[in-house]
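Next comes coords-v7.cif, with mmCIF, C-alpha atoms.
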```cif
data_coords
loop_
_atom_site.group_PDB
_atom_site.id
_atom_site.type_symbol
_atom_site.label_atom_id
_atom_site.label_comp_id
_atom_site.auth_asym_id
_atom_site.auth_seq_id
_atom_site.Cartn_x
_atom_site.Cartn_y
_atom_site.Cartn_z
ATOM 1 C CA MET N 1 -28.177 130.507 -241.922
ATOM 2 C CA ALA N 2 -26.605 127.672 -243.620
ATOM 3 C CA MET N 3 -25.250 126.366 -240.386
ATOM 4 C CA ALA N 4 -28.611 126.656 -238.812
ATOM 5 C CA ASP N 5 -30.085 124.673 -241.565
ATOM 6 C CA ASN N 6 -27.477 121.999 -241.089
ATOM 7 C CA THR N 7 -28.250 121.699 -237.493
ATOM 8 C CA ASN N 8 -31.926 121.603 -238.040
ATOM 9 C CA HIS N 9 -31.768 118.993 -240.695
ATOM 10 C CA THR N 10 -29.399 116.703 -238.823
ATOM 11 C CA GLU N 11 -30.920 113.205 -238.627
ATOM 12 C CA THR N 12 -31.245 111.638 -235.187
ATOM 13 C CA VAL N 13 -29.714 108.240 -235.054
ATOM 14 C CA PRO N 14 -31.924 105.717 -233.081
ATOM 15 C CA GLU N 15 -30.346 104.248 -230.036
ATOM 16 C CA ALA N 16 -29.342 100.612 -230.308
ATOM 17 C CA GLU N 17 -31.474 98.204 -228.276
ATOM 18 C CA PRO N 18 -29.576 96.385 -225.528
ATOM 19 C CA GLU N 19 -28.781 92.821 -226.327
ATOM 20 C CA PRO N 20 -30.739 90.297 -224.184
ATOM 21 C CA GLU N 21 -28.716 88.713 -221.483
ATOM 22 C CA PRO N 22 -27.995 85.034 -222.153
ATOM 23 C CA LYS N 23 -30.066 82.641 -220.054
ATOM 24 C CA PRO N 24 -28.008 80.824 -217.481
ATOM 25 C CA GLU N 25 -27.481 77.239 -218.392
ATOM 26 C CA PRO N 26 -29.252 74.825 -215.937
ATOM 27 C CA GLU N 27 -26.907 73.272 -213.521
ATOM 28 C CA PRO N 28 -26.522 69.555 -214.050
ATOM 29 C CA GLU N 29 -28.363 67.456 -211.478
ATOM 30 C CA PRO N 30 -26.018 65.852 -209.027
ATOM 31 C CA GLU N 31 -25.650 62.164 -209.494
ATOM 32 C CA PRO N 32 -27.337 60.147 -206.693
ATOM 33 C CA THR N 33 -24.824 59.042 -204.180
ATOM 34 C CA PRO N 34 -24.756 55.284 -203.756
ATOM 35 C CA PRO N 35 -26.216 54.157 -200.410
ATOM 36 C CA SER N 36 -23.766 53.300 -197.750
ATOM 37 C CA LYS N 37 -23.330 49.797 -196.480
ATOM 38 C CA LYS N 38 -25.172 50.644 -193.273
ATOM 39 C CA GLU N 39 -28.174 51.914 -195.203
ATOM 40 C CA GLU N 40 -28.180 48.798 -197.394
ATOM 41 C CA ALA N 41 -28.064 46.577 -194.319
ATOM 42 C CA ALA N 42 -30.910 48.515 -192.728
ATOM 43 C CA GLU N 43 -33.031 48.157 -195.855
ATOM 44 C CA ILE N 44 -32.322 44.435 -196.052
ATOM 45 C CA THR N 45 -33.220 43.999 -192.367
ATOM 46 C CA THR N 46 -36.432 45.968 -192.793
ATOM 47 C CA SER N 47 -37.522 43.986 -195.848
ATOM 48 C CA ALA N 48 -36.585 40.712 -194.184
ATOM 49 C CA SER N 49 -38.545 41.577 -191.055
ATOM 50 C CA SER N 50 -41.572 42.582 -193.117
ATOM 51 C CA GLU N 51 -41.375 39.350 -195.088
ATOM 52 C CA LYS N 52 -40.986 37.390 -191.876
ATOM 53 C CA GLY N 53 -43.945 39.153 -190.312
ATOM 54 C CA SER N 54 -46.091 38.393 -193.323
ATOM 55 C CA SER N 55 -44.970 34.788 -193.390
ATOM 56 C CA ASP N 56 -45.593 34.348 -189.652
ATOM 57 C CA LYS N 57 -49.287 35.004 -190.003
ATOM 58 C CA PRO N 58 -50.165 31.686 -191.669
ATOM 59 C CA LYS N 59 -47.793 29.843 -189.393
ATOM 60 C CA ASN N 60 -49.644 30.990 -186.258
ATOM 61 C CA SER N 61 -53.077 30.206 -187.714
ATOM 62 C CA MET N 62 -53.185 26.838 -185.893
ATOM 63 C CA LYS N 63 -52.278 28.289 -182.505
ATOM 64 C CA PRO N 64 -55.921 28.707 -181.339
ATOM 65 C CA VAL N 65 -56.645 25.088 -182.253
ATOM 66 C CA GLU N 66 -53.568 23.973 -180.350
ATOM 67 C CA HIS N 67 -54.674 25.913 -177.268
ATOM 68 C CA ILE N 68 -58.154 24.389 -177.444
ATOM 69 C CA LEU N 69 -56.729 20.870 -177.706
ATOM 70 C CA ASN N 70 -54.417 21.491 -174.742
ATOM 71 C CA LEU N 71 -57.396 22.666 -172.706
ATOM 72 C CA ALA N 72 -59.420 19.633 -173.791
ATOM 73 C CA ALA N 73 -56.588 17.299 -172.768
ATOM 74 C CA PHE N 74 -56.508 18.881 -169.327
ATOM 75 C CA LEU N 75 -60.287 18.767 -168.900
ATOM 76 C CA LEU N 76 -60.332 15.053 -169.767
ATOM 77 C CA SER N 77 -58.423 14.430 -166.541
ATOM 78 C CA LEU N 78 -61.363 15.706 -164.475
ATOM 79 C CA PRO N 79 -63.828 12.854 -165.247
ATOM 80 C CA ILE N 80 -60.992 10.399 -164.631
ATOM 81 C CA ILE N 81 -60.508 11.824 -161.128
ATOM 82 C CA ALA N 82 -64.278 11.723 -160.515
ATOM 83 C CA LEU N 83 -64.451 8.070 -161.579
ATOM 84 C CA VAL N 84 -61.554 7.128 -159.314
ATOM 85 C CA VAL N 85 -63.315 8.743 -156.340
ATOM 86 C CA TRP N 86 -66.554 6.943 -157.275
ATOM 87 C CA LEU N 87 -64.831 3.557 -157.473
ATOM 88 C CA ILE N 88 -63.147 4.085 -154.107
ATOM 89 C CA PHE N 89 -66.166 5.247 -152.129
ATOM 90 C CA MET N 90 -69.000 3.559 -154.052
ATOM 91 C CA PRO N 91 -71.024 1.086 -151.951
ATOM 92 C CA GLY N 92 -71.383 -2.466 -153.268
ATOM 93 C CA TYR N 93 -74.366 -3.222 -155.492
ATOM 94 C CA ASP N 94 -76.654 -5.655 -153.685
ATOM 95 C CA CYS N 95 -74.089 -7.981 -152.111
ATOM 96 C CA GLU N 96 -71.641 -7.589 -154.988
ATOM 97 C CA TYR N 97 -68.689 -7.827 -152.597
ATOM 98 C CA LEU N 98 -69.354 -11.583 -152.369
ATOM 99 C CA LEU N 99 -68.144 -11.912 -155.955
ATOM 100 C CA LYS N 100 -64.677 -10.815 -154.776
ATOM 101 C CA MET N 101 -64.102 -8.139 -157.402
ATOM 102 C CA HIS N 102 -61.571 -6.180 -155.329
ATOM 103 C CA LYS N 103 -58.667 -6.896 -157.677
ATOM 104 C CA ILE N 104 -60.402 -5.530 -160.749
ATOM 105 C CA TYR N 105 -61.425 -2.453 -158.747
ATOM 106 C CA ALA N 106 -57.821 -1.836 -157.683
ATOM 107 C CA GLY N 107 -56.499 -2.490 -161.200
ATOM 108 C CA ILE N 108 -58.908 -0.048 -162.838
ATOM 109 C CA ILE N 109 -58.192 2.640 -160.242
ATOM 110 C CA ALA N 110 -54.434 2.236 -160.794
ATOM 111 C CA MET N 111 -54.829 2.427 -164.583
ATOM 112 C CA LEU N 112 -56.965 5.547 -164.375
ATOM 113 C CA VAL N 113 -54.515 7.293 -162.050
ATOM 114 C CA VAL N 114 -51.620 6.526 -164.411
ATOM 115 C CA LEU N 115 -53.629 7.658 -167.441
ATOM 116 C CA GLY N 116 -54.685 10.896 -165.757
ATOM 117 C CA VAL N 117 -51.151 11.806 -164.663
ATOM 118 C CA LEU N 118 -49.571 10.960 -168.015
ATOM 119 C CA ASN N 119 -52.302 12.891 -169.792
ATOM 120 C CA ILE N 120 -51.262 16.100 -168.017
ATOM 121 C CA VAL N 121 -47.531 15.380 -168.404
ATOM 122 C CA ALA N 122 -47.888 14.714 -172.136
ATOM 123 C CA SER N 123 -49.780 17.992 -172.613
ATOM 124 C CA PHE N 124 -46.778 19.942 -171.309
ATOM 125 C CA MET N 125 -44.294 17.818 -173.233
ATOM 126 C CA MET N 126 -46.080 18.571 -176.516
ATOM 127 C CA LYS N 127 -44.998 22.214 -176.202
ATOM 128 C CA LYS N 128 -41.333 21.280 -176.678
ATOM 129 C CA PRO N 129 -40.381 19.973 -180.144
ATOM 130 C CA PRO N 130 -37.823 17.353 -178.981
ATOM 131 C CA LEU N 131 -40.348 15.809 -176.560
ATOM 132 C CA ARG N 132 -43.359 15.537 -178.857
ATOM 133 C CA MET N 133 -42.740 12.001 -180.079
ATOM 134 C CA PRO N 134 -41.989 10.637 -176.551
ATOM 135 C CA ALA N 135 -45.130 12.394 -175.302
ATOM 136 C CA LEU N 136 -47.261 10.663 -177.918
ATOM 137 C CA ILE N 137 -45.740 7.297 -177.035
ATOM 138 C CA ILE N 138 -46.183 7.584 -173.257
ATOM 139 C CA ILE N 139 -49.848 8.533 -173.637
ATOM 140 C CA THR N 140 -50.626 5.938 -176.317
ATOM 141 C CA ILE N 141 -49.535 2.909 -174.265
ATOM 142 C CA PRO N 142 -51.804 3.458 -171.197
ATOM 143 C CA ALA N 143 -54.643 4.638 -173.451
ATOM 144 C CA ILE N 144 -54.531 1.350 -175.387
ATOM 145 C CA VAL N 145 -54.476 -0.673 -172.136
ATOM 146 C CA VAL N 146 -57.501 1.215 -170.767
ATOM 147 C CA LEU N 147 -59.277 0.822 -174.109
ATOM 148 C CA ILE N 148 -58.759 -2.956 -174.103
ATOM 149 C CA VAL N 149 -60.046 -3.240 -170.533
ATOM 150 C CA GLY N 150 -63.119 -1.185 -171.424
ATOM 151 C CA ILE N 151 -63.892 -3.379 -174.436
ATOM 152 C CA GLY N 152 -63.545 -6.445 -172.229
ATOM 153 C CA LEU N 153 -65.948 -5.041 -169.611
ATOM 154 C CA VAL N 154 -68.676 -4.493 -172.199
ATOM 155 C CA GLY N 155 -68.178 -8.020 -173.544
ATOM 156 C CA GLY N 156 -66.547 -7.080 -176.815
ATOM 157 C CA PHE N 157 -64.164 -10.039 -176.843
ATOM 158 C CA LYS N 158 -66.842 -12.748 -176.553
ATOM 159 C CA MET N 159 -65.222 -15.924 -175.244
ATOM 160 C CA GLU N 160 -61.844 -14.268 -174.633
ATOM 161 C CA SER N 161 -63.327 -11.973 -171.969
ATOM 162 C CA ARG N 162 -64.226 -14.923 -169.727
ATOM 163 C CA SER N 163 -60.830 -14.497 -168.115
ATOM 164 C CA MET N 164 -61.407 -10.785 -167.410
ATOM 165 C CA PRO N 165 -63.115 -10.057 -164.077
ATOM 166 C CA GLY N 166 -66.120 -7.801 -164.511
ATOM 167 C CA SER N 167 -66.907 -8.895 -168.073
ATOM 168 C CA PRO N 168 -70.463 -10.188 -168.707
ATOM 169 C CA GLN N 169 -69.212 -13.725 -169.411
ATOM 170 C CA ARG N 170 -67.034 -13.899 -166.299
ATOM 171 C CA LEU N 171 -69.765 -12.328 -164.175
ATOM 172 C CA LYS N 172 -72.269 -14.961 -165.314
ATOM 173 C CA LEU N 173 -69.882 -17.757 -164.356
ATOM 174 C CA LYS N 174 -69.451 -16.271 -160.894
ATOM 175 C CA VAL N 175 -73.173 -15.722 -160.301
ATOM 176 C CA TYR N 176 -74.152 -19.225 -161.430
ATOM 177 C CA ASN N 177 -71.493 -20.837 -159.250
ATOM 178 C CA ILE N 178 -73.353 -22.849 -156.592
ATOM 179 C CA ASP N 179 -71.163 -21.782 -153.684
ATOM 180 C CA ASN N 180 -71.219 -18.128 -154.680
ATOM 181 C CA TRP N 181 -74.982 -18.106 -155.153
ATOM 182 C CA SER N 182 -75.607 -19.714 -151.786
ATOM 183 C CA ARG N 183 -73.870 -16.776 -150.104
ATOM 184 C CA ILE N 184 -75.446 -14.192 -152.408
ATOM 185 C CA LYS N 185 -79.054 -15.315 -151.851
ATOM 186 C CA SER N 186 -78.512 -15.313 -148.073
ATOM 187 C CA CYS N 187 -77.193 -11.759 -148.344
ATOM 188 C CA LEU N 188 -80.174 -10.699 -150.462
ATOM 189 C CA TYR N 189 -82.587 -12.153 -147.905
ATOM 190 C CA ASP N 190 -80.797 -10.369 -145.075
ATOM 191 C CA LYS N 191 -81.166 -7.097 -146.972
ATOM 192 C CA SER N 192 -84.966 -7.653 -147.078
ATOM 193 C CA ILE N 193 -85.161 -6.797 -150.742
ATOM 194 C CA CYS N 194 -88.710 -8.185 -150.979
ATOM 195 C CA GLN N 195 -90.073 -6.049 -148.161
ATOM 196 C CA GLY N 196 -92.020 -2.927 -148.972
ATOM 197 C CA LEU N 197 -93.362 -4.185 -152.277
ATOM 198 C CA GLU N 198 -96.858 -3.108 -153.203
ATOM 199 C CA SER N 199 -99.462 -5.395 -151.689
ATOM 200 C CA GLY N 200 -103.227 -5.728 -151.959
ATOM 201 C CA THR N 201 -106.111 -8.105 -151.497
ATOM 202 C CA SER N 202 -107.703 -8.074 -154.940
ATOM 203 C CA VAL N 203 -107.136 -11.127 -157.081
ATOM 204 C CA ILE N 204 -105.252 -10.205 -160.246
ATOM 205 C CA LYS N 205 -103.287 -12.086 -162.822
ATOM 206 C CA SER N 206 -99.511 -12.121 -162.739
ATOM 207 C CA TYR N 207 -99.245 -10.089 -165.914
ATOM 208 C CA ASP N 208 -101.304 -7.317 -164.234
ATOM 209 C CA TYR N 209 -98.988 -7.155 -161.251
ATOM 210 C CA PRO N 210 -97.375 -3.661 -161.059
ATOM 211 C CA THR N 211 -93.678 -4.032 -161.768
ATOM 212 C CA LYS N 212 -92.589 -0.541 -162.822
ATOM 213 C CA ASN N 213 -91.137 0.258 -159.395
ATOM 214 C CA GLU N 214 -89.302 -3.048 -159.040
ATOM 215 C CA SER N 215 -85.587 -3.491 -159.465
ATOM 216 C CA PRO N 216 -84.347 -6.428 -161.567
ATOM 217 C CA VAL N 217 -83.425 -8.253 -158.343
ATOM 218 C CA GLN N 218 -86.890 -7.758 -156.841
ATOM 219 C CA SER N 219 -88.587 -8.776 -160.067
ATOM 220 C CA GLY N 220 -86.550 -11.999 -160.309
ATOM 221 C CA CYS N 221 -86.395 -13.002 -156.639
ATOM 222 C CA CYS N 222 -89.658 -11.810 -155.058
ATOM 223 C CA ARG N 223 -92.312 -13.128 -157.439
ATOM 224 C CA PRO N 224 -92.771 -16.009 -159.861
ATOM 225 C CA PRO N 225 -92.232 -15.443 -163.577
ATOM 226 C CA ALA N 226 -95.236 -14.098 -165.460
ATOM 227 C CA SER N 227 -95.277 -17.197 -167.675
ATOM 228 C CA CYS N 228 -96.284 -19.331 -164.666
ATOM 229 C CA GLY N 229 -99.779 -17.771 -164.709
ATOM 230 C CA MET N 230 -100.121 -17.669 -160.908
ATOM 231 C CA GLU N 231 -102.770 -15.517 -159.216
ATOM 232 C CA TYR N 232 -101.644 -12.624 -157.081
ATOM 233 C CA VAL N 233 -102.692 -12.712 -153.407
ATOM 234 C CA ASN N 234 -100.158 -10.322 -151.932
ATOM 235 C CA ALA N 235 -96.599 -9.197 -152.639
ATOM 236 C CA THR N 236 -95.032 -12.478 -151.534
ATOM 237 C CA TYR N 237 -97.900 -14.933 -151.900
ATOM 238 C CA TRP N 238 -99.077 -16.294 -155.226
ATOM 239 C CA LYS N 239 -101.694 -18.983 -155.811
ATOM 240 C CA ARG N 240 -100.652 -21.798 -158.117
ATOM 241 C CA ASN N 241 -103.261 -22.982 -160.647
ATOM 242 C CA ASP N 242 -102.881 -26.215 -162.552
ATOM 243 C CA GLY N 243 -102.640 -25.787 -166.283
ATOM 244 C CA SER N 244 -102.213 -22.013 -166.085
ATOM 245 C CA GLU N 245 -98.578 -21.975 -167.191
ATOM 246 C CA ASP N 246 -97.811 -20.544 -170.596
ATOM 247 C CA THR N 247 -95.766 -23.272 -172.286
ATOM 248 C CA ALA N 248 -95.480 -21.619 -175.689
ATOM 249 C CA LYS N 249 -91.751 -21.184 -175.067
ATOM 250 C CA GLY N 250 -91.382 -24.455 -173.184
ATOM 251 C CA HIS N 251 -91.643 -25.309 -169.517
ATOM 252 C CA ASN N 252 -90.070 -22.779 -167.145
ATOM 253 C CA SER N 253 -88.355 -24.587 -164.279
ATOM 254 C CA ASP N 254 -88.735 -21.472 -162.094
ATOM 255 C CA CYS N 255 -92.463 -22.218 -161.856
ATOM 256 C CA ASP N 256 -91.596 -25.386 -159.918
ATOM 257 C CA THR N 257 -88.903 -23.659 -157.865
ATOM 258 C CA TRP N 258 -91.174 -20.886 -156.612
ATOM 259 C CA THR N 259 -92.502 -21.274 -153.059
ATOM 260 C CA ASN N 260 -94.606 -18.974 -150.892
ATOM 261 C CA GLN N 261 -92.249 -19.330 -147.935
ATOM 262 C CA GLU N 262 -90.716 -15.916 -147.326
ATOM 263 C CA THR N 263 -87.310 -17.450 -146.706
ATOM 264 C CA ASN N 264 -87.313 -19.095 -150.142
ATOM 265 C CA LEU N 265 -89.720 -17.365 -152.546
ATOM 266 C CA CYS N 266 -87.786 -17.413 -155.845
ATOM 267 C CA TYR N 267 -84.267 -17.001 -154.446
ATOM 268 C CA ASN N 268 -83.297 -20.296 -156.087
ATOM 269 C CA CYS N 269 -84.803 -19.337 -159.449
ATOM 270 C CA ASN N 270 -82.757 -18.581 -162.527
ATOM 271 C CA SER N 271 -84.735 -15.352 -162.813
ATOM 272 C CA CYS N 272 -83.315 -14.264 -159.466
ATOM 273 C CA ARG N 273 -79.764 -14.984 -160.632
ATOM 274 C CA GLU N 274 -80.396 -13.070 -163.858
ATOM 275 C CA GLY N 275 -81.851 -10.131 -161.941
ATOM 276 C CA PHE N 276 -78.776 -9.947 -159.728
ATOM 277 C CA ARG N 277 -76.428 -10.332 -162.698
ATOM 278 C CA THR N 278 -78.280 -7.587 -164.593
ATOM 279 C CA THR N 279 -78.030 -5.195 -161.648
ATOM 280 C CA VAL N 280 -74.303 -5.731 -161.198
ATOM 281 C CA GLY N 281 -73.572 -6.059 -164.909
ATOM 282 C CA LYS N 282 -75.098 -2.684 -165.781
ATOM 283 C CA LYS N 283 -72.549 -0.937 -163.622
ATOM 284 C CA TRP N 284 -69.640 -2.722 -165.286
ATOM 285 C CA ILE N 285 -71.000 -2.067 -168.778
ATOM 286 C CA ILE N 286 -71.320 1.645 -167.977
ATOM 287 C CA LEU N 287 -67.806 1.611 -166.538
ATOM 288 C CA GLY N 288 -66.444 -0.139 -169.633
ATOM 289 C CA SER N 289 -68.163 2.348 -171.956
ATOM 290 C CA PHE N 290 -66.660 5.207 -169.965
ATOM 291 C CA LEU N 291 -63.157 3.721 -170.214
ATOM 292 C CA ILE N 292 -63.513 3.294 -173.991
ATOM 293 C CA SER N 293 -64.709 6.882 -174.432
ATOM 294 C CA VAL N 294 -62.044 8.498 -172.241
ATOM 295 C CA ALA N 295 -59.155 6.460 -173.662
ATOM 296 C CA GLY N 296 -60.255 7.128 -177.227
ATOM 297 C CA LEU N 297 -60.705 10.870 -176.684
ATOM 298 C CA ILE N 298 -57.346 11.264 -174.931
ATOM 299 C CA PHE N 299 -55.532 9.448 -177.737
ATOM 300 C CA VAL N 300 -57.271 11.465 -180.476
ATOM 301 C CA VAL N 301 -56.583 14.811 -178.728
ATOM 302 C CA HIS N 302 -52.881 14.064 -178.284
ATOM 303 C CA LEU N 303 -52.582 12.709 -181.829
ATOM 304 C CA PHE N 304 -53.971 15.961 -183.237
ATOM 305 C CA LEU N 305 -51.686 17.962 -180.937
ATOM 306 C CA PHE N 306 -48.726 16.020 -182.285
ATOM 307 C CA LEU N 307 -49.732 16.530 -185.926
ATOM 308 C CA ILE N 308 -50.324 20.258 -185.472
ATOM 309 C CA SER N 309 -47.005 20.703 -183.656
ATOM 310 C CA MET N 310 -45.127 18.830 -186.390
ATOM 311 C CA SER N 311 -46.781 20.878 -189.150
ATOM 312 C CA GLU N 312 -45.767 24.094 -187.410
ATOM 313 C CA THR N 313 -42.193 22.867 -187.067
ATOM 314 C CA GLU N 314 -42.014 22.057 -190.789
ATOM 315 C CA SER N 315 -43.459 25.446 -191.780
ATOM 316 C CA HIS N 316 -40.951 27.292 -189.575
ATOM 317 C CA GLY N 317 -38.120 25.314 -191.111
ATOM 318 C CA LYS N 318 -38.985 26.412 -194.655
#
```

Please express the file's structure as structure tokens.
Amino acid sequence: MAMADNTNHTETVPEAEPEPEPKPEPEPEPEPTPPSKKEEAAEITTSASSEKGSSDKPKNSMKPVEHILNLAAFLLSLPIIALVVWLIFMPGYDCEYLLKMHKIYAGIIAMLVVLGVLNIVASFMMKKPPLRMPALIIITIPAIVVLIVGIGLVGGFKMESRSMPGSPQRLKLKVYNIDNWSRIKSCLYDKSICQGLESGTSVIKSYDYPTKNESPVQSGCCRPPASCGMEYVNATYWKRNDGSEDTAKGHNSDCDTWTNQETNLCYNCNSCREGFRTTVGKKWIILGSFLISVAGLIFVVHLFLFLISMSETESHGK
């Protein structure tokens, strides 16, 4: 019984709890391997190309302007060609050939041909950096020559332009030359410039005579000046009245020169000479203005092309 009691009263020993397993220590992170030389070179190339691409954008910003100027330079050759054709095939203005202006015609045509060809050549030369300065020089010289001729034709040099054929001063000297005018007035009569003028039977004053359809030559050669105060009978016959002349500006010698003979009329009047000179002179003034405009535009276009090209070269060099 005692043994049974021992067994019954034996204390149960609690089982020991298992010790927690130690947490594995974190593995150290591997040190980054240094990039190879090839990778470094690739990165440098990539960054350099990106920088170059970003820097190229402002450099190409003037390209559209350059293209427009090149197109403008080419288009300026077209009116030059048209003018050359006009000068070659244009008929003489009312007996103008008697003034013997063939040399100035030939000289202007030659200058325009040279200017037009060099204009195109210089446009192509501007695209190559070593040829930009020579291109500007070869276009500047003919442009200045054409500009000077144009200024002379419009009478910009005053007395100096007397030696330039086609200038207003030189043209006046030729027209008022007695020998030249003798041939010119015969030519004008042969062309019947006074035929076909408006005629009528009603008596009107000279200042009422319709002149809007008359050319300067017809107005000066086919009727007496309005200051003479003659009465209109028909297109080529005017009745002279004593004391009817307007002398506020002095006596007009053309009033004495006028005659009703159809072979004379006012062909010997100063008004006839001025009418002929005005008709011919207008053409030369228009021609001179055209030469000034074309030469100036060509020079300005090529100057801007040169400046833009040089600025691009400097920006690429930086």

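Using only C-alpha atoms, the smallest distance between any of N:Asn180, N:Leu136, N:Ile285, N:Ser293 and Gly152 (chain N) comes from N:Ile285.
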
List the spatial neighbours of Glu274 (chain N) as a PyMOL selection string - criterion: any atom at most 9 Å away, all atoms listed in the file, same-chain residues fewer than 6 positions off excluded. chain N and resi 172+175+216-217+220

Counting only C-alpha atoms, the residue among N:Leu147, N:Ser227, N:Val117, N:Ala122 that lies closest to Leu291 (chain N) is N:Leu147

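The space between CA of Ala235 (chain N) and CA of Ile178 (chain N) spans 27.2 Å.
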
re CA of Ile292 (chain N) and CA of Leu171 (chain N): distance 19.5 Å

Would you kindly return, as a PDB file with C-alpha atoms, keeping the file's coordinate frame, each protein, DNA or RNA residue with an atom no farther than 10 Å from any atom of Ser186 (chain N), considering all atoms listed in the file and excluding same-chain residues fewer than 4 positions away?
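Result went into selection.pdb, see below:
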```pdb
ATOM      1  CA  CYS N  95     -74.089  -7.981-152.111  1.00  0.00           C
ATOM      2  CA  TRP N 181     -74.982 -18.106-155.153  1.00  0.00           C
ATOM      3  CA  SER N 182     -75.607 -19.714-151.786  1.00  0.00           C
ATOM      4  CA  ASP N 190     -80.797 -10.369-145.075  1.00  0.00           C
ATOM      5  CA  LYS N 191     -81.166  -7.097-146.972  1.00  0.00           C
ATOM      6  CA  THR N 263     -87.310 -17.450-146.706  1.00  0.00           C
ATOM      7  CA  ASN N 264     -87.313 -19.095-150.142  1.00  0.00           C
ATOM      8  CA  TYR N 267     -84.267 -17.001-154.446  1.00  0.00           C
TER       9      TYR N 267
END
```

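What separates CA of Leu83 (chain N) from CA of Ile298 (chain N) is a distance of 15.5 Å.
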
Across N:Gly281, N:Asn252, N:Pro79, N:His67, the smallest distance to Ala295 (chain N), with only C-alpha atoms counted, is shown by N:Pro79

TODO: Tell me, as JSON, numbers by chain, which residues lie within 12 Å of Cys255 (chain N), counting only C-alpha atoms; anything in the same chain fewer than 6 positions away does not count.
DONE: {"N": [220, 223, 224, 225, 226, 227, 228, 229, 230, 238, 239, 240, 241, 242, 243, 244, 245, 246, 247, 265, 266, 268, 269, 270, 271]}

Written selection (C-alpha atoms) as a short mmCIF file (atom, residue, chain, number, x, y, z; two decimals), in the frame of the given file:
```cif
data_model
loop_
_atom_site.label_atom_id
_atom_site.label_comp_id
_atom_site.auth_asym_id
_atom_site.auth_seq_id
_atom_site.Cartn_x
_atom_site.Cartn_y
_atom_site.Cartn_z
CA GLY N 220 -86.55 -12.00 -160.31
CA ARG N 223 -92.31 -13.13 -157.44
CA PRO N 224 -92.77 -16.01 -159.86
CA PRO N 225 -92.23 -15.44 -163.58
CA ALA N 226 -95.24 -14.10 -165.46
CA SER N 227 -95.28 -17.20 -167.68
CA CYS N 228 -96.28 -19.33 -164.67
CA GLY N 229 -99.78 -17.77 -164.71
CA MET N 230 -100.12 -17.67 -160.91
CA TRP N 238 -99.08 -16.29 -155.23
CA LYS N 239 -101.69 -18.98 -155.81
CA ARG N 240 -100.65 -21.80 -158.12
CA ASN N 241 -103.26 -22.98 -160.65
CA ASP N 242 -102.88 -26.22 -162.55
CA GLY N 243 -102.64 -25.79 -166.28
CA SER N 244 -102.21 -22.01 -166.08
CA GLU N 245 -98.58 -21.98 -167.19
CA ASP N 246 -97.81 -20.54 -170.60
CA THR N 247 -95.77 -23.27 -172.29
CA LEU N 265 -89.72 -17.36 -152.55
CA CYS N 266 -87.79 -17.41 -155.84
CA ASN N 268 -83.30 -20.30 -156.09
CA CYS N 269 -84.80 -19.34 -159.45
CA ASN N 270 -82.76 -18.58 -162.53
CA SER N 271 -84.74 -15.35 -162.81
#
```

Please identify all polymer residues within 10 Å of Ile144 (chain N), counting all atoms listed in the file, omitting same-chain residues fewer than 3 positions from it, and present them as a PDB file with C-alpha atoms, keeping the file's coordinate frame.
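As written to disk, selection.pdb reads:
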```pdb
ATOM      1  CA  ILE N 139     -49.848   8.533-173.637  1.00  0.00           C
ATOM      2  CA  THR N 140     -50.626   5.938-176.317  1.00  0.00           C
ATOM      3  CA  ILE N 141     -49.535   2.909-174.265  1.00  0.00           C
ATOM      4  CA  LEU N 147     -59.277   0.822-174.109  1.00  0.00           C
ATOM      5  CA  ILE N 148     -58.759  -2.956-174.103  1.00  0.00           C
ATOM      6  CA  VAL N 149     -60.046  -3.240-170.533  1.00  0.00           C
ATOM      7  CA  GLY N 150     -63.119  -1.185-171.424  1.00  0.00           C
ATOM      8  CA  ILE N 292     -63.513   3.294-173.991  1.00  0.00           C
ATOM      9  CA  ALA N 295     -59.155   6.460-173.662  1.00  0.00           C
ATOM     10  CA  GLY N 296     -60.255   7.128-177.227  1.00  0.00           C
ATOM     11  CA  PHE N 299     -55.532   9.448-177.737  1.00  0.00           C
TER      12      PHE N 299
END
```

Q. Which polymer residues have any atom within 7 Å of an atom of Val301 (chain N), counting only C-alpha atoms, with same-chain residues fewer than 4 positions away left out, as a count of residues only?
A. 4
